[in-house]
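A.B. asks: Below is the file protein-v7.cif, with mmCIF, C-alpha atoms.
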```cif
data_work
#
loop_
_atom_site.label_atom_id
_atom_site.label_comp_id
_atom_site.auth_asym_id
_atom_site.auth_seq_id
_atom_site.Cartn_x
_atom_site.Cartn_y
_atom_site.Cartn_z
CA MET A 1 261.19 89.11 72.16
CA GLY A 2 261.47 89.97 68.46
CA ARG A 3 262.36 87.58 65.65
CA GLU A 4 266.01 88.63 65.49
CA ASP A 5 266.32 88.44 69.29
CA THR A 6 265.01 84.87 69.10
CA ILE A 7 267.50 84.01 66.35
CA TRP A 8 270.45 85.43 68.26
CA ALA A 9 269.32 83.76 71.50
CA LEU A 10 269.34 80.41 69.67
CA ALA A 11 272.77 81.10 68.15
CA PHE A 12 274.20 81.82 71.61
CA GLN A 13 272.42 78.78 73.07
CA GLU A 14 274.19 76.66 70.43
CA ALA A 15 277.53 78.37 71.20
CA ARG A 16 277.17 77.80 74.96
CA ALA A 17 276.24 74.14 74.40
CA ALA A 18 279.35 73.74 72.25
CA ALA A 19 281.50 75.27 75.02
CA GLU A 20 279.98 72.93 77.62
CA ALA A 21 281.01 70.02 75.36
CA GLY A 22 284.57 71.37 75.17
CA GLU A 23 284.14 72.75 71.65
CA VAL A 24 285.03 76.28 70.57
CA PRO A 25 281.84 78.22 71.39
CA VAL A 26 280.39 79.17 68.02
CA GLY A 27 276.71 78.94 67.16
CA ALA A 28 274.89 79.40 63.86
CA VAL A 29 271.26 79.74 62.80
CA LEU A 30 269.85 79.65 59.25
CA THR A 31 266.55 81.26 58.34
CA ALA A 32 264.38 80.72 55.27
CA PRO A 33 263.32 83.59 53.00
CA ASP A 34 260.11 83.94 55.04
CA GLY A 35 262.18 84.34 58.23
CA THR A 36 261.46 80.96 59.80
CA ILE A 37 264.34 79.15 61.46
CA VAL A 38 265.27 76.07 59.44
CA ALA A 39 268.51 74.97 61.11
CA SER A 40 270.85 75.68 63.98
CA ALA A 41 274.09 74.16 65.17
CA GLY A 42 277.14 74.63 67.33
CA ASN A 43 280.69 73.50 66.68
CA ARG A 44 281.14 69.71 66.86
CA THR A 45 284.64 69.07 65.51
CA LEU A 46 285.79 67.14 68.59
CA ARG A 47 282.59 65.17 69.10
CA ASP A 48 282.30 64.17 65.46
CA HIS A 49 286.06 63.76 64.88
CA ASP A 50 285.50 65.99 61.87
CA PRO A 51 287.53 69.14 61.16
CA THR A 52 284.69 70.44 58.96
CA ALA A 53 282.01 70.19 61.67
CA HIS A 54 281.92 73.95 62.22
CA ALA A 55 278.61 75.49 63.31
CA GLU A 56 278.06 77.22 59.96
CA VAL A 57 278.78 74.11 57.89
CA LEU A 58 276.51 71.96 60.05
CA ALA A 59 273.65 74.47 59.87
CA ILE A 60 274.04 74.63 56.08
CA ARG A 61 274.05 70.81 55.86
CA TYR A 62 270.89 70.53 57.98
CA ALA A 63 269.10 73.24 56.00
CA CYS A 64 270.04 71.73 52.62
CA LYS A 65 268.73 68.34 53.72
CA SER A 66 265.57 69.95 55.06
CA VAL A 67 264.77 71.77 51.82
CA GLY A 68 266.17 69.10 49.48
CA SER A 69 268.66 71.34 47.70
CA GLU A 70 272.39 72.06 47.68
CA ARG A 71 271.65 75.78 47.31
CA LEU A 72 269.96 78.14 49.75
CA PRO A 73 269.30 81.36 47.82
CA GLY A 74 267.27 83.80 49.87
CA TYR A 75 268.38 82.21 53.15
CA ASP A 76 270.15 84.17 55.88
CA LEU A 77 272.86 82.92 58.24
CA TYR A 78 273.44 84.27 61.74
CA VAL A 79 276.68 83.23 63.44
CA THR A 80 278.33 84.32 66.66
CA LEU A 81 281.84 84.58 65.17
CA GLU A 82 283.23 85.79 61.85
CA PRO A 83 283.40 82.75 59.55
CA CYS A 84 286.74 81.12 58.73
CA PRO A 85 287.83 80.35 55.15
CA LEU A 86 286.17 76.90 55.23
CA CYS A 87 282.85 78.35 56.36
CA ALA A 88 283.06 81.33 54.01
CA ALA A 89 283.46 78.92 51.09
CA ALA A 90 280.49 76.84 52.26
CA ILE A 91 278.39 80.02 52.59
CA SER A 92 279.36 81.03 49.07
CA PHE A 93 278.71 77.61 47.52
CA ALA A 94 275.31 77.43 49.27
CA ARG A 95 274.44 80.85 47.82
CA ILE A 96 273.41 82.25 51.21
CA ARG A 97 271.77 85.66 50.73
CA ARG A 98 272.88 87.45 53.90
CA LEU A 99 275.45 86.76 56.59
CA TYR A 100 275.15 88.36 60.02
CA TYR A 101 277.91 87.72 62.54
CA GLY A 102 278.98 88.76 66.00
CA ALA A 103 282.63 88.97 66.97
CA SER A 104 285.36 89.61 64.43
CA ASP A 105 288.11 87.00 64.27
CA PRO A 106 291.46 88.65 63.48
CA LYS A 107 293.26 85.29 63.70
CA SER A 108 291.04 82.99 61.63
CA GLY A 109 288.30 85.13 60.09
CA ALA A 110 287.79 85.28 56.34
CA VAL A 111 285.22 88.04 55.86
CA GLU A 112 286.74 91.27 57.14
CA ASN A 113 290.03 89.69 58.22
CA GLY A 114 292.50 87.28 56.70
CA VAL A 115 291.81 86.18 53.14
CA GLN A 116 288.57 88.21 52.86
CA TYR A 117 287.06 85.38 50.86
CA PHE A 118 283.99 87.22 49.57
CA ALA A 119 286.10 90.05 48.14
CA ASP A 120 288.29 87.69 46.13
CA PRO A 121 287.58 87.63 42.38
CA THR A 122 287.51 83.81 42.44
CA CYS A 123 284.53 83.83 44.83
CA HIS A 124 281.46 82.65 42.91
CA HIS A 125 278.88 84.20 45.22
CA ALA A 126 279.26 86.77 47.98
CA PRO A 127 276.45 87.25 50.47
CA ASP A 128 275.60 90.64 51.88
CA ALA A 129 277.66 90.55 55.09
CA TYR A 130 276.99 92.48 58.29
CA ALA A 131 279.26 92.41 61.34
CA GLY A 132 279.14 93.39 64.99
CA PHE A 133 275.89 91.78 66.19
CA HIS A 134 276.19 91.01 69.92
CA ASP A 135 279.94 91.21 69.38
CA ARG A 136 280.80 91.88 73.02
CA GLU A 137 278.79 88.91 74.20
CA ALA A 138 280.35 86.67 71.55
CA ALA A 139 283.88 87.87 72.30
CA GLU A 140 283.40 87.37 76.05
CA LEU A 141 282.11 83.84 75.52
CA LEU A 142 285.22 83.03 73.48
CA ARG A 143 287.60 84.73 75.95
CA ALA A 144 286.11 82.82 78.88
CA PHE A 145 286.31 79.53 76.98
CA PHE A 146 289.98 79.93 76.04
CA LYS A 147 290.91 81.25 79.48
CA SER A 148 289.45 78.07 80.99
CA LYS A 149 291.65 75.99 78.64
CA ARG A 150 294.90 77.64 79.70
#
```
Using the file provided, produce a representation of the structure as C-alpha cells.
C.D. replies:
Amino acid sequence: MGREDTIWALAFQEARAAAEAGEVPVGAVLTAPDGTIVASAGNRTLRDHDPTAHAEVLAIRYACKSVGSERLPGYDLYVTLEPCPLCAAAISFARIRRLYYGASDPKSGAVENGVQYFADPTCHHAPDAYAGFHDREAAELLRAFFKSKR
C-alpha cells in the first residue's frame, strides 16, 4: 500500500468511526511537508456538543498543537467530503498548502460549490485544491448514513 493509499484508508477509517457514533461520516488527515501523518479526525459535533467539531477543524487543531504553531504552511489536508464554509475558512487561516477531497457537496460545500470560499477576493490564503479522490466511496458512505437516518 502506497503513502496516499494509507492516508485515504485512515481518512475513511475516521469517517466510518464517525458514522458508527452517529456523526456525519467525514474523515480528515493532515500530513507534514515530509509526508508524515501528523493528525487525523472524524466529525464529533454530537459527541462534543460543538458545532465546530468538524473533521477538518479537529485535524487542524491537533496538528497545530503537535507542531506548536497556529499556521501549517507546507501541510496537506485529505478529507472525504468537500469542506463547508467553516472548514474552508479554517484551512485558509491555517495556511494549508494543498487540499485533497473526495465527494463534492452541492448542498454545503464551499470549494467548488456554494460560496467557493477560496475564490473569493476576501480569502487570505487559498490552498491548491484537488477534488474527486475516492469520490464514489465517500458518496456511498454518506448516502448509506443518511438513508439509515430516515
A.B. asks: Quote the spacing between atom CA of Ile37 of chain A and atom CA of Leu10 of chain A in Å to one decimal place.
C.D. replies: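 So the two atoms, atom CA of Ile37 of chain A and atom CA of Leu10 of chain A, lie 9.7 Å apart.
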A.B. asks: Using all atoms listed in the file, pick whichever of A:Ala103, A:Cys87, A:Ala94, A:Ala18 has the shortest atom-to-atom distance to Glu137 of chain A.
C.D. replies: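 Between A:Ala103, A:Cys87, A:Ala94, A:Ala18, the residue approaching Glu137 of chain A most closely is A:Ala103.
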A.B. asks: Under the rule that all atoms listed in the file are counted, which of A:Phe145, A:Phe93, A:Tyr101, A:Phe12 is the nearest residue to Phe118 of chain A?
C.D. replies: A:Phe93
A.B. asks: Which is closest to Thr6 of chain A among A:Glu56, A:Tyr78, A:Lys107, A:Asp50, if we use all atoms listed in the file?
C.D. replies: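 Ranking A:Glu56, A:Tyr78, A:Lys107, A:Asp50 by distance to Thr6 of chain A, first place goes to A:Tyr78.
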A.B. asks: Enter the distance from atom CA of Pro85 of chain A to atom CA of Arg3 of chain A, in Å, rounded to one decimal.
C.D. replies: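 If I compute the distance from atom CA of Pro85 of chain A to atom CA of Arg3 of chain A, I get 28.5 Å.
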A.B. asks: Tell me which protein, DNA and RNA residues are within 7 Å of Ala11 of chain A, counting all atoms listed in the file, leaving out same-chain ones fewer than 3 positions away, and put them as a list in words.
C.D. replies: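 So, after excluding close chain neighbours, the residues are Ile7, Trp8, Glu14, Ala15, Gly27, Ala28, Val29, Val79 and Thr80 of chain A.
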A.B. asks: Would you please work out which residue, of A:Ala39, A:Cys64, A:Leu81, A:Ala129, is nearest to Val26 of chain A when using all atoms listed in the file?
C.D. replies: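 Checking each candidate against Val26 of chain A, we get A:Leu81 as the closest.
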A.B. asks: Selected by the PyMOL selection byres ((chain A and resi 124) around 9) in the shown coordinates: which residues, as a compact mmCIF listing (two decimals) with C-alpha atoms, keeping the file's coordinate frame?
C.D. replies:
```txt
# COMPACT_ATOMS: atom_id res chain seq x y z
CA SER A 92 279.36 81.03 49.07
CA PHE A 93 278.71 77.61 47.52
CA ARG A 95 274.44 80.85 47.82
CA PHE A 118 283.99 87.22 49.57
CA PRO A 121 287.58 87.63 42.38
CA THR A 122 287.51 83.81 42.44
CA CYS A 123 284.53 83.83 44.83
CA HIS A 125 278.88 84.20 45.22
CA ALA A 126 279.26 86.77 47.98
```
A.B. asks: Looking at only C-alpha atoms, which of A:Gly42, A:Ser104, A:Asp120, A:His134 is the one that sits closest to Asp5 of chain A?
C.D. replies: A:His134
A.B. asks: Measuring between only C-alpha atoms, which one of A:Thr31, A:Gln13, A:Thr52, A:Ser148 shows the shortest distance to Leu72 of chain A?
C.D. replies: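 With only C-alpha atoms as the atom set, the closest residue is A:Thr31.
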A.B. asks: With a distance cut-off of 8 Å and all atoms listed in the file, select the neighbouring residues of Ala88 of chain A, excluding the residue or stretch itself and same-chain residues fewer than 4 positions from it, and output the selection as a list in words.
C.D. replies: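 Here the answer would be Pro83, Cys84, Ser92, Ala110, Val111, Tyr117 and Phe118 of chain A.
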A.B. asks: Could the residues in this selection be written to a file with C-alpha atoms, as an mmCIF file, in the frame of the given file?
C.D. replies:
```
data_model
loop_
_atom_site.group_PDB
_atom_site.id
_atom_site.type_symbol
_atom_site.label_atom_id
_atom_site.label_comp_id
_atom_site.auth_asym_id
_atom_site.auth_seq_id
_atom_site.Cartn_x
_atom_site.Cartn_y
_atom_site.Cartn_z
ATOM 1 C CA PRO A 83 283.400 82.750 59.550
ATOM 2 C CA CYS A 84 286.740 81.120 58.730
ATOM 3 C CA SER A 92 279.360 81.030 49.070
ATOM 4 C CA ALA A 110 287.790 85.280 56.340
ATOM 5 C CA VAL A 111 285.220 88.040 55.860
ATOM 6 C CA TYR A 117 287.060 85.380 50.860
ATOM 7 C CA PHE A 118 283.990 87.220 49.570
#
```
A.B. asks: The PyMOL selection byres ((chain A and resi 76) around 7) on the file shown: which residues, as number ranges by chain?
C.D. replies: A: 30-32, 74-75, 77-78, 96-99
A.B. asks: Evaluating the PyMOL selection byres ((chain A and resi 23) around 9) on the displayed file yields which residues, as an NGL selection string?
C.D. replies: :A and (15 or 17-22 or 24-26 or 42-47 or 145)
A.B. asks: Measure the distance from atom CA of His54 of chain A to atom CA of Arg136 of chain A in Å and round it to one decimal.
C.D. replies: 21.0 Å
A.B. asks: Tell me, as a list in words, which residues lie within 8 Å of Ser66 of chain A, counting all atoms listed in the file; anything in the same chain fewer than 3 positions away does not count.
C.D. replies: Val38, Tyr62 and Ala63 of chain A
